[in-house]
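One structure is given below, encoded as structure tokens.
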Amino acid sequence: MPRKVVQGPIRDKEKTKQKLLAAVGKILRVKGYSGLKVSKIAAVAGFDKKLIYEYFGSTDKLIDEYIRSQDYWSKISQDSVDVDLSDGGKELCKKAVLAQFESFRKNKELQKIILWELSESKPILKKLNEQREEAGEVLFENIIDPYFGDQAIRTRAIMALLVSGAYYLNLYTGYNANKFCGVDLKSDEGRKAIEDAIAELIDLSYVKK
């Protein structure tokens with residue numbers, strides 16, 4: 001027997017919210033963050049702007065929800081990557097950073113968000129950074145720090161360089177050039193070389209001094 005499709009206000013509200021969130025993404029891709037005005041979002045979604053206030057409370061809260069839905073590190077946790085943690089999180093770090101490197105390449109909206117973070121100081125962007133740090137802190141405090149003890153800060157610093165490098169390489173080659181240090185980041189061979197380097201550096205970081 002076919003499932004009955006639920007109709008009504010609850011379903012319609014959710015569809016409308018998703019269309020408003022999608023409108024934020026479309027504007028980011030085409031116009032950038034400067035185009036995120038309430039009237040523009042409503043027009044792209046095809047709704048009256050009063051629905052933004054009714055369903056989200058404000059434009060900032062709508063944008064905040066969209067940003068959180070896109071951000072890689074705000075969503076990741078030790079439960080979201082299925083690996084053995086007995087190695088102090090080494091394989092978890094590899095999988096997480098490599099997945100970030102690839103997903104960020106594909107996610108043009110998140111690229112715009114990162115550029116926005118680098119160019120403006122906004123409460124919603126500060127909140128996003130706090131959420132990223134909170135997610136990362138769970139992994140560090142529960143897995144990495146206990147494994148390394150008083151050497152944990154060294155591993156945190158290496159991870160900071162790898163994560164920021166994964167962001168920067170995608171942004172640089174996405175907007176200005178194909179190559180960085182002679183490595184073609186738009187070729188399969190070049191990206192594989194970077195991925196191998198990330199894995200190798202994480203392996204080296206797990207060699208205790």
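We name chains A, B, ... following the order of the structure tokens; residues begin at 1 in each chain, and ligands are numbered from 1 as shown.
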Extract, using only C-alpha atoms, all DNA, RNA and protein residues at most 10 Å from range 148-150 of chain A, discarding same-chain residues fewer than 6 positions from it, and format them as a PyMOL selection string.
chain A and resi 88+206-209
Atoms to include: N, CA and C atoms. Write the selected residues as an mmCIF file, in the first residue's frame.
```
data_model
loop_
_atom_site.group_PDB
_atom_site.id
_atom_site.type_symbol
_atom_site.label_atom_id
_atom_site.label_comp_id
_atom_site.auth_asym_id
_atom_site.auth_seq_id
_atom_site.Cartn_x
_atom_site.Cartn_y
_atom_site.Cartn_z
ATOM 1 N N GLY A 88 45.000 7.072 18.855
ATOM 2 C CA GLY A 88 45.060 8.461 19.306
ATOM 3 C C GLY A 88 44.429 9.440 18.346
ATOM 4 N N TYR A 206 52.373 12.163 14.483
ATOM 5 C CA TYR A 206 52.073 11.152 15.514
ATOM 6 C C TYR A 206 53.314 10.396 15.983
ATOM 7 N N VAL A 207 54.480 10.808 15.496
ATOM 8 C CA VAL A 207 55.729 10.257 16.019
ATOM 9 C C VAL A 207 56.093 11.065 17.258
ATOM 10 N N LYS A 208 55.948 10.455 18.415
ATOM 11 C CA LYS A 208 56.184 11.180 19.667
ATOM 12 C C LYS A 208 57.660 11.464 19.870
ATOM 13 N N LYS A 209 57.941 12.666 20.364
ATOM 14 C CA LYS A 209 59.334 13.038 20.651
ATOM 15 C C LYS A 209 59.735 12.593 22.046
#
```
Distance query range 51-59 of chain A at most 12 Å, only C-alpha atoms, self and fewer than 2 positions along chain excluded, as a ChimeraX atom specification:
/A:10,12-21,23-24,36-43,45-49,61-66,124
So how many Å separate CA of Phe104 in chain A and CA of Ser205 in chain A, to one decimal?
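Those two atoms sit 23.4 Å apart.
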Could you name the residues that touch Val30 in chain A at 10 Å or less, counting only C-alpha atoms, but leaving out those on the same chain fewer than 5 positions away, as an mmCIF file with N, CA and C atoms, in the first residue's frame?
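Everything below was put into result.cif:
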```cif
data_model
loop_
_atom_site.group_PDB
_atom_site.id
_atom_site.type_symbol
_atom_site.label_atom_id
_atom_site.label_comp_id
_atom_site.auth_asym_id
_atom_site.auth_seq_id
_atom_site.Cartn_x
_atom_site.Cartn_y
_atom_site.Cartn_z
ATOM 1 N N GLY A 25 21.849 30.376 -0.529
ATOM 2 C CA GLY A 25 22.956 29.739 -1.237
ATOM 3 C C GLY A 25 23.101 30.251 -2.658
ATOM 4 N N GLY A 35 25.093 40.525 -1.480
ATOM 5 C CA GLY A 35 23.748 40.418 -2.028
ATOM 6 C C GLY A 35 22.729 39.859 -1.070
ATOM 7 N N GLU A 109 29.539 27.657 -2.145
ATOM 8 C CA GLU A 109 28.893 28.529 -1.169
ATOM 9 C C GLU A 109 29.766 28.670 0.076
ATOM 10 N N LYS A 112 32.577 31.032 -0.462
ATOM 11 C CA LYS A 112 32.139 32.424 -0.309
ATOM 12 C C LYS A 112 32.043 32.806 1.164
#
```
Between CA of Tyr72 in chain A and CA of Glu117 in chain A, what is the spacing in Å?
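Computing the Euclidean distance for CA of Glu117 in chain A and CA of Tyr72 in chain A yields 14.7 Å.
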I'd like to know which of A:Gln111, A:Leu201, A:Val44, A:Asp60 is closest to Leu161 in chain A, using only C-alpha atoms.
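The shortest atom-to-atom distance to Leu161 in chain A comes from A:Leu201.
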May I ask for the distance between CA of Pro146 in chain A and CA of Ser86 in chain A, given in Å to one decimal place?
11.2 Å
Distance criterion (only C-alpha atoms): nearest to Leu185 in chain A out of A:Glu120, A:Glu130, A:Glu102, A:Glu141:
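Result for the nearest residue to Leu185 in chain A: A:Glu102.
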Can you list, as a PyMOL selection string, all residues belonging to range 2-205 of chain A that DSSP tags as strand (DSSP E)?
chain A and resi 179-180+183-184
Shell of 8 Å around Val163 in chain A, only C-alpha atoms, local chain residues under 3 positions omitted, as a ChimeraX atom specification:
/A:97,100,159-160,166-167
